[in-house]
file protein-v3.txt (compact mmCIF, C-alpha atoms)
# COMPACT_ATOMS: atom_id res chain seq x y z
CA MET K 10 91.40 72.76 84.18
CA VAL K 11 92.24 76.27 83.04
CA SER K 12 91.51 77.06 79.39
CA ASN K 13 94.27 78.08 76.98
CA SER K 14 92.76 81.56 76.63
CA LEU K 15 92.92 82.08 80.39
CA ARG K 16 96.51 80.82 80.48
CA LYS K 17 97.41 83.30 77.74
CA ALA K 18 95.71 86.09 79.67
CA ALA K 19 97.68 85.06 82.75
CA GLY K 20 100.88 86.13 81.07
CA GLY K 21 99.38 89.56 80.50
CA ALA K 22 98.22 89.73 84.11
CA ALA K 23 101.67 88.80 85.39
CA ARG K 24 103.33 91.37 83.14
CA ALA K 25 100.89 94.04 84.27
CA ALA K 26 101.70 93.22 87.89
CA ARG K 27 105.41 93.66 87.28
CA VAL K 28 104.89 97.01 85.57
CA PHE K 29 102.72 98.24 88.41
CA ASP K 30 105.32 97.18 90.98
CA LYS K 31 108.10 98.88 89.03
CA GLN K 32 106.23 102.15 88.91
CA ARG K 33 105.32 101.82 92.61
CA GLN K 34 101.70 102.67 91.92
CA VAL K 35 100.24 99.65 93.69
CA THR K 36 101.02 97.20 96.43
CA ARG K 37 100.60 93.45 96.09
CA ARG K 38 98.51 91.55 98.63
CA THR K 39 98.34 87.76 98.81
CA ALA K 40 95.17 86.09 100.06
CA THR K 41 94.81 82.33 100.63
CA VAL K 42 91.55 80.42 100.27
CA GLY K 43 90.52 78.74 103.53
CA ASP K 44 88.70 75.45 104.01
CA THR K 45 85.37 77.19 104.55
CA GLN K 46 85.82 79.14 101.30
CA HIS K 47 86.43 76.05 99.15
CA GLY K 48 84.28 76.20 96.03
CA ALA K 49 83.65 79.94 96.20
CA SER K 50 83.97 81.88 92.97
CA ALA K 51 86.87 84.28 92.50
CA GLU K 52 84.40 87.15 92.60
CA GLN K 53 82.93 85.99 95.92
CA PHE K 54 86.34 85.40 97.48
CA VAL K 55 87.83 88.77 96.45
CA SER K 56 84.69 90.55 97.64
CA ALA K 57 84.99 88.92 101.07
CA ALA K 58 88.79 89.27 101.30
CA LEU K 59 88.76 93.00 100.56
CA GLY K 60 85.41 93.83 102.10
CA ILE K 61 84.11 95.37 98.88
CA ALA K 62 80.93 94.92 96.87
CA ARG K 63 80.88 92.05 94.39
CA PRO K 64 80.58 94.34 91.33
CA LEU K 65 83.84 96.03 92.39
CA ALA K 66 85.49 92.64 92.97
CA ARG K 67 84.31 91.54 89.53
CA LEU K 68 85.78 94.70 87.98
CA LYS K 69 89.18 94.10 89.62
CA ILE K 70 89.25 90.57 88.23
CA LEU K 71 88.27 91.70 84.72
CA ASN K 72 90.98 94.41 84.89
CA ALA K 73 93.60 91.70 85.57
CA GLU K 74 94.25 93.08 89.06
CA VAL K 75 93.77 89.59 90.51
CA CYS K 76 95.58 86.41 89.51
CA LEU K 77 95.96 82.92 90.89
CA ALA K 78 99.53 82.88 92.20
CA ARG K 79 99.50 79.32 93.52
CA SER K 80 96.97 76.61 92.84
CA THR K 81 96.40 73.30 94.59
CA HIS K 82 94.78 71.77 91.51
CA ALA K 83 96.27 73.42 88.39
CA ARG K 84 99.58 72.15 87.04
CA SER K 85 100.85 75.54 85.90
CA ARG K 86 103.63 77.04 88.04
CA SER K 87 103.11 80.54 86.66
CA ALA K 88 100.42 83.04 87.59
CA ILE K 89 97.00 82.15 86.20
CA ALA K 90 94.42 84.72 85.17
CA LEU K 91 90.97 84.34 86.65
CA ALA K 92 87.42 84.85 85.49
CA PRO K 93 84.93 86.19 88.05
CA ALA K 94 83.13 82.82 88.11
CA THR K 95 86.30 80.69 88.41
CA PRO K 96 85.83 78.27 91.35
CA LEU K 97 88.60 78.30 93.93
CA HIS K 98 89.98 75.49 96.07
CA ALA K 99 91.18 75.50 99.65
CA GLY K 100 94.88 76.37 99.68
CA ASP K 101 94.79 78.47 96.50
CA SER K 102 96.68 81.77 96.81
CA LEU K 103 95.58 84.89 94.95
CA ASP K 104 97.70 87.97 94.28
CA ILE K 105 95.59 91.12 94.45
CA LEU K 106 96.87 94.53 93.35
CA LEU K 107 95.76 97.43 95.53
CA PRO K 108 96.42 101.17 95.05
CA LEU K 109 99.01 102.68 97.35
CA SER K 110 97.92 105.08 100.04
CA LYS K 111 98.98 108.72 99.66
CA SER K 112 101.68 108.34 102.32
CA ASP K 113 103.03 105.23 100.58
CA ARG K 114 102.99 107.03 97.21
CA ASP K 115 104.88 109.96 98.72
CA LYS K 116 107.45 107.60 100.25
CA ALA K 117 107.85 105.75 96.95
CA SER K 118 108.40 109.06 95.18
CA VAL K 119 111.09 110.06 97.70
CA ASP K 120 112.77 106.66 97.32
CA ARG K 121 112.84 107.03 93.53
CA ASP K 122 114.26 110.56 93.75
CA PHE K 123 116.94 109.42 96.22
CA ALA K 124 117.94 106.45 94.06
CA GLN K 125 118.17 108.68 90.98
CA SER K 126 120.29 111.25 92.84
CA VAL K 127 122.67 108.52 94.02
CA GLN K 128 122.95 107.19 90.47
CA ASP K 129 123.69 110.71 89.18
CA LEU K 130 126.58 110.96 91.66
CA LYS K 131 127.89 107.53 90.65
CA ASP K 132 127.85 108.65 87.03
CA ALA K 133 129.85 111.75 88.05
CA ILE K 134 132.72 109.75 89.61
CA ILE K 135 135.99 110.39 87.78
CA TYR K 136 138.38 108.50 90.07
CA ARG K 137 138.12 105.85 92.78
CA ASP K 138 140.58 103.71 94.70
CA GLN K 139 140.64 102.14 98.16
CA HIS K 140 141.45 105.46 99.84
CA ILE K 141 139.63 108.24 98.01
CA LEU K 142 136.81 108.93 95.62
CA ILE K 143 136.67 111.98 93.35
CA LEU K 144 133.49 113.10 91.65
CA ASN K 145 132.61 116.00 89.41
CA LYS K 146 130.00 117.68 91.58
CA PRO K 147 127.09 118.92 89.49
CA ARG K 148 125.78 122.44 89.70
CA ALA K 149 122.87 123.27 92.03
CA LEU K 150 123.75 120.45 94.43
CA SER K 151 124.79 121.48 97.93
CA VAL K 152 127.63 119.59 99.57
CA GLN K 153 126.17 119.83 103.06
CA ALA K 154 122.54 119.73 104.15
CA GLY K 155 120.69 122.92 105.00
CA SER K 156 117.20 123.97 105.97
CA LYS K 157 116.41 125.10 102.42
CA MET K 158 118.20 122.26 100.63
CA LYS K 159 116.10 119.51 99.10
CA THR K 160 119.07 117.14 99.04
CA SER K 161 122.84 117.27 99.41
CA VAL K 162 125.98 115.25 98.78
CA ALA K 163 126.21 114.51 102.52
CA GLU K 164 122.79 112.82 102.47
CA LEU K 165 123.70 110.74 99.41
CA LEU K 166 127.02 109.39 100.70
CA VAL K 167 125.34 106.23 102.00
CA GLY K 168 124.78 105.24 98.37
CA LEU K 169 128.49 105.55 97.53
CA LYS K 170 129.86 102.85 99.83
CA PHE K 171 130.47 100.31 97.05
CA SER K 172 132.44 97.51 98.77
CA ASN K 173 133.21 99.54 101.90
CA PRO K 174 131.26 98.93 105.12
CA GLU K 175 131.00 102.69 105.72
CA PRO K 176 130.12 105.57 103.39
CA PRO K 177 132.84 108.01 102.28
CA ARG K 178 133.51 111.15 104.33
CA LEU K 179 133.46 114.80 103.34
CA VAL K 180 136.81 116.56 103.76
CA HIS K 181 136.09 119.84 101.97
CA ARG K 182 133.23 121.58 100.23
CA LEU K 183 132.29 123.38 97.04
CA ASP K 184 129.63 126.06 96.74
CA LYS K 185 126.21 124.89 95.65
CA ASP K 186 126.43 126.48 92.19
CA THR K 187 130.07 125.46 91.64
CA THR K 188 130.89 122.40 89.58
CA GLY K 189 134.20 120.63 89.92
CA CYS K 190 136.24 117.96 91.67
CA LEU K 191 134.98 116.99 95.10
CA ILE K 192 137.31 114.65 97.00
CA LEU K 193 135.77 112.13 99.40
CA ALA K 194 137.74 110.01 101.86
CA ARG K 195 136.85 106.31 101.87
CA THR K 196 138.71 105.53 105.11
CA LYS K 197 139.21 107.26 108.45
CA GLN K 198 142.96 107.51 107.83
CA ALA K 199 142.42 109.12 104.42
CA ALA K 200 139.95 111.59 105.94
CA THR K 201 142.50 112.66 108.57
CA ARG K 202 145.25 113.09 105.98
CA LEU K 203 143.09 115.03 103.52
CA ALA K 204 141.63 117.27 106.21
CA ASP K 205 145.18 118.16 107.25
CA LEU K 206 146.15 118.97 103.65
CA PHE K 207 143.14 121.24 103.15
CA ALA K 208 143.76 122.97 106.49
CA ARG K 209 147.40 123.66 105.58
CA ALA K 210 146.36 124.94 102.15
CA GLU K 211 143.87 127.37 103.70
CA SER K 212 146.40 128.65 106.22
CA LYS K 213 149.17 129.02 103.59
CA GLU K 214 151.57 127.18 105.90
CA SER K 215 153.49 125.61 103.04
CA GLU K 216 153.70 125.93 99.29
CA ASN K 217 152.30 123.46 96.77
CA VAL K 218 150.63 121.24 99.35
CA LEU K 219 147.19 121.48 97.82
CA VAL K 220 145.99 124.11 95.36
CA LYS K 221 142.39 124.90 94.48
CA THR K 222 141.92 126.17 90.94
CA TYR K 223 138.64 127.65 89.70
CA LEU K 224 137.73 128.31 86.08
CA ALA K 225 135.61 131.37 85.36
CA ILE K 226 133.94 132.79 82.27
CA ILE K 227 134.43 136.55 82.08
CA THR K 228 133.42 139.43 79.86
CA GLY K 229 136.38 141.13 78.21
CA LYS K 230 140.07 140.24 78.36
CA PRO K 231 142.62 141.36 81.00
CA LEU K 232 145.68 143.21 79.72
CA ALA K 233 148.11 140.94 81.57
CA GLU K 234 148.43 137.16 81.49
CA THR K 235 148.46 136.90 85.29
CA GLY K 236 147.55 139.14 88.18
CA ARG K 237 146.09 139.61 91.62
CA LEU K 238 142.73 141.20 92.30
CA THR K 239 141.73 142.44 95.73
CA THR K 240 138.13 143.53 95.99
CA GLY K 241 135.15 143.55 98.26
CA ILE K 242 132.50 140.92 97.70
CA VAL K 243 129.07 141.62 99.13
CA GLN K 244 127.50 138.55 100.68
CA THR K 245 123.75 138.40 101.13
CA GLY K 246 121.46 135.91 102.75
CA ASP K 247 119.11 135.66 105.69
CA THR K 248 121.22 138.20 107.60
CA ALA K 249 122.00 141.79 106.62
CA PRO K 250 124.37 142.10 103.62
CA PHE K 251 128.02 142.58 104.49
CA GLU K 252 131.21 143.12 102.49
CA LYS K 253 134.16 140.77 102.71
CA LEU K 254 137.59 141.68 101.34
CA THR K 255 138.82 138.93 99.03
CA THR K 256 142.07 138.47 97.12
CA ILE K 257 142.04 136.43 93.93
CA GLU K 258 145.11 135.40 91.96
CA TRP K 259 144.31 134.81 88.33
CA ARG K 260 146.02 133.72 85.14
CA MET K 261 144.91 133.34 81.56
call {"tool": "encode", "arguments": {"input": "protein-v3.txt", "output": "structure tokens"}}
result
Amino acid sequence: MVSNSLRKAAGGAARAARVFDKQRQVTRRTATVGDTQHGASAEQFVSAALGIARPLARLKILNAEVCLARSTHARSRSAIALAPATPLHAGDSLDILLPLSKSDRDKASVDRDFAQSVQDLKDAIIYRDQHILILNKPRALSVQAGSKMKTSVAELLVGLKFSNPEPPRLVHRLDKDTTGCLILARTKQAATRLADLFARAESKESENVLVKTYLAIITGKPLAETGRLTTGIVQTGDTAPFEKLTTIEWRM
């Protein structure tokens, strides 16, 4: 039978295992005692199962990195902590915590970053119905993927499906450093309709179809309440800088 002190330690071992799994620092491996290993000590079994020296196996057990997950002779249904000399029985299953490889750690880190980015977008949603979804796009997040972009809204759409079988669709864009309302279409029909509205707004085919309004912080105060400014804006990037004539209508 397992002593009360070992049972108490088992709770700590189980809790430690859950923390490790949550932080994605280790992977859990289950090993089952075979008929020929019946009666072996936990230290002997772990040494053979992992192909490591017995002192290292002993250290893993003492560090609560090994626990008895299922026993053929103990009545407890919860994980049981082991001592290095604990005899094992055929059919016993041990959970052994092993450090993740570098590639697995990198993948776990990417998965955590992706999940956090999706959650940030969910927190930024200001309206949602069966047709559209509107979110307040944060600054420094690109709408579409690019060679120099770590992540983008387009790559995160798969996490915004909610009850829909397909992710929402992009129908317009905002600049990377611009915050504001980004409308996503949740159905194919909505995407077609919204794309048409944005196209008509850009071409000025009709009035009051869809209007984009930007808020800007400026230095000084214009003399008039409203106005129109036509100026050249120099665009730079990977190609040679060039000037583009732009007209901006503004109002206070």
call {"tool": "closest_residue", "arguments": {"input": "protein-v3.txt", "among": "K:Leu91, K:Val55, K:Ala124, K:Ile134", "to": "K:Leu107", "atoms": "only C-alpha atoms"}}
result
K:Val55
call {"tool": "closest_residue", "arguments": {"input": "protein-v3.txt", "among": "K:Asn145, K:Ile226, K:His140, K:Asp184", "to": "K:Ala200", "atoms": "all atoms listed in the file"}}
result
K:His140
call {"tool": "axis_aligned_box", "arguments": {"input": "protein-v3.txt", "around": "stretch 93-97 of chain K", "padding_each_side": "3 Å", "output": "lines of an AutoDock Vina configuration file"}}
result
center_x = 85.9
center_y = 82.2
center_z = 91.0
size_x = 11.5
size_y = 13.9
size_z = 11.9
call {"tool": "atom_distance", "arguments": {"input": "protein-v3.txt", "atom1": "atom CA of K:Val220", "atom2": "atom CA of K:Ala149"}}
result
23.4 Å
call {"tool": "residues_around", "arguments": {"input": "protein-v3.txt", "residues": "K:Asn173", "least_positions_apart": "5", "cutoff": "9 Å", "atoms": "all atoms listed in the file", "output": "PyMOL selection string"}}
result
chain K and resi 139+195-196
call {"tool": "residues_near_point", "arguments": {"input": "protein-v3.txt", "point": "(125.6, 122.7, 95.3)", "cutoff": "10 Å", "atoms": "only C-alpha atoms", "output": "PyMOL selection string"}}
result
chain K and resi 146-154+158+160-162+182-188
call {"tool": "build_atoms", "arguments": {"input": "protein-v3.txt", "residues": "stretch 115-139 of chain K", "atoms": "N, CA and C atoms", "output": "short mmCIF file (atom, residue, chain, number, x, y, z; two decimals), in the frame of the given file"}}
result
data_model
loop_
_atom_site.label_atom_id
_atom_site.label_comp_id
_atom_site.auth_asym_id
_atom_site.auth_seq_id
_atom_site.Cartn_x
_atom_site.Cartn_y
_atom_site.Cartn_z
N ASP K 115 103.88 108.92 98.45
CA ASP K 115 104.88 109.96 98.72
C ASP K 115 106.23 109.34 99.06
N LYS K 116 106.21 108.27 99.88
CA LYS K 116 107.45 107.60 100.25
C LYS K 116 108.11 106.97 99.03
N ALA K 117 107.30 106.36 98.16
CA ALA K 117 107.85 105.75 96.95
C ALA K 117 108.48 106.80 96.06
N SER K 118 107.85 107.98 95.99
CA SER K 118 108.40 109.06 95.18
C SER K 118 109.74 109.54 95.73
N VAL K 119 109.83 109.66 97.06
CA VAL K 119 111.09 110.06 97.70
C VAL K 119 112.17 109.02 97.45
N ASP K 120 111.80 107.74 97.56
CA ASP K 120 112.77 106.66 97.32
C ASP K 120 113.30 106.71 95.90
N ARG K 121 112.41 106.96 94.93
CA ARG K 121 112.84 107.03 93.53
C ARG K 121 113.77 108.21 93.32
N ASP K 122 113.42 109.36 93.90
CA ASP K 122 114.26 110.56 93.75
C ASP K 122 115.63 110.33 94.37
N PHE K 123 115.67 109.68 95.54
CA PHE K 123 116.94 109.42 96.22
C PHE K 123 117.80 108.48 95.38
N ALA K 124 117.19 107.41 94.87
CA ALA K 124 117.94 106.45 94.06
C ALA K 124 118.49 107.11 92.80
N GLN K 125 117.71 107.99 92.18
CA GLN K 125 118.17 108.68 90.98
C GLN K 125 119.31 109.63 91.30
N SER K 126 119.22 110.32 92.45
CA SER K 126 120.29 111.25 92.84
C SER K 126 121.59 110.50 93.12
N VAL K 127 121.48 109.34 93.76
CA VAL K 127 122.67 108.52 94.02
C VAL K 127 123.29 108.06 92.70
N GLN K 128 122.44 107.64 91.76
CA GLN K 128 122.95 107.19 90.47
C GLN K 128 123.63 108.33 89.72
N ASP K 129 123.07 109.55 89.83
CA ASP K 129 123.69 110.71 89.18
C ASP K 129 125.09 110.95 89.74
N LEU K 130 125.26 110.78 91.06
CA LEU K 130 126.58 110.96 91.66
C LEU K 130 127.54 109.86 91.21
N LYS K 131 127.04 108.63 91.12
CA LYS K 131 127.89 107.53 90.65
C LYS K 131 128.36 107.80 89.23
N ASP K 132 127.48 108.34 88.41
CA ASP K 132 127.85 108.65 87.03
C ASP K 132 128.87 109.79 86.97
N ALA K 133 128.94 110.61 88.04
CA ALA K 133 129.85 111.75 88.05
C ALA K 133 131.22 111.40 88.62
N ILE K 134 131.43 110.16 89.04
CA ILE K 134 132.72 109.75 89.61
C ILE K 134 133.78 109.71 88.51
N ILE K 135 134.91 110.37 88.76
CA ILE K 135 135.99 110.39 87.78
C ILE K 135 137.22 109.62 88.26
N TYR K 136 137.26 109.29 89.56
CA TYR K 136 138.38 108.50 90.07
C TYR K 136 137.95 107.82 91.37
N ARG K 137 138.43 106.57 91.54
CA ARG K 137 138.12 105.85 92.78
C ARG K 137 139.20 104.81 93.04
N ASP K 138 139.70 104.79 94.27
CA ASP K 138 140.58 103.71 94.70
C ASP K 138 140.17 103.35 96.13
N GLN K 139 141.02 102.60 96.83
CA GLN K 139 140.64 102.14 98.16
C GLN K 139 140.68 103.25 99.21
#
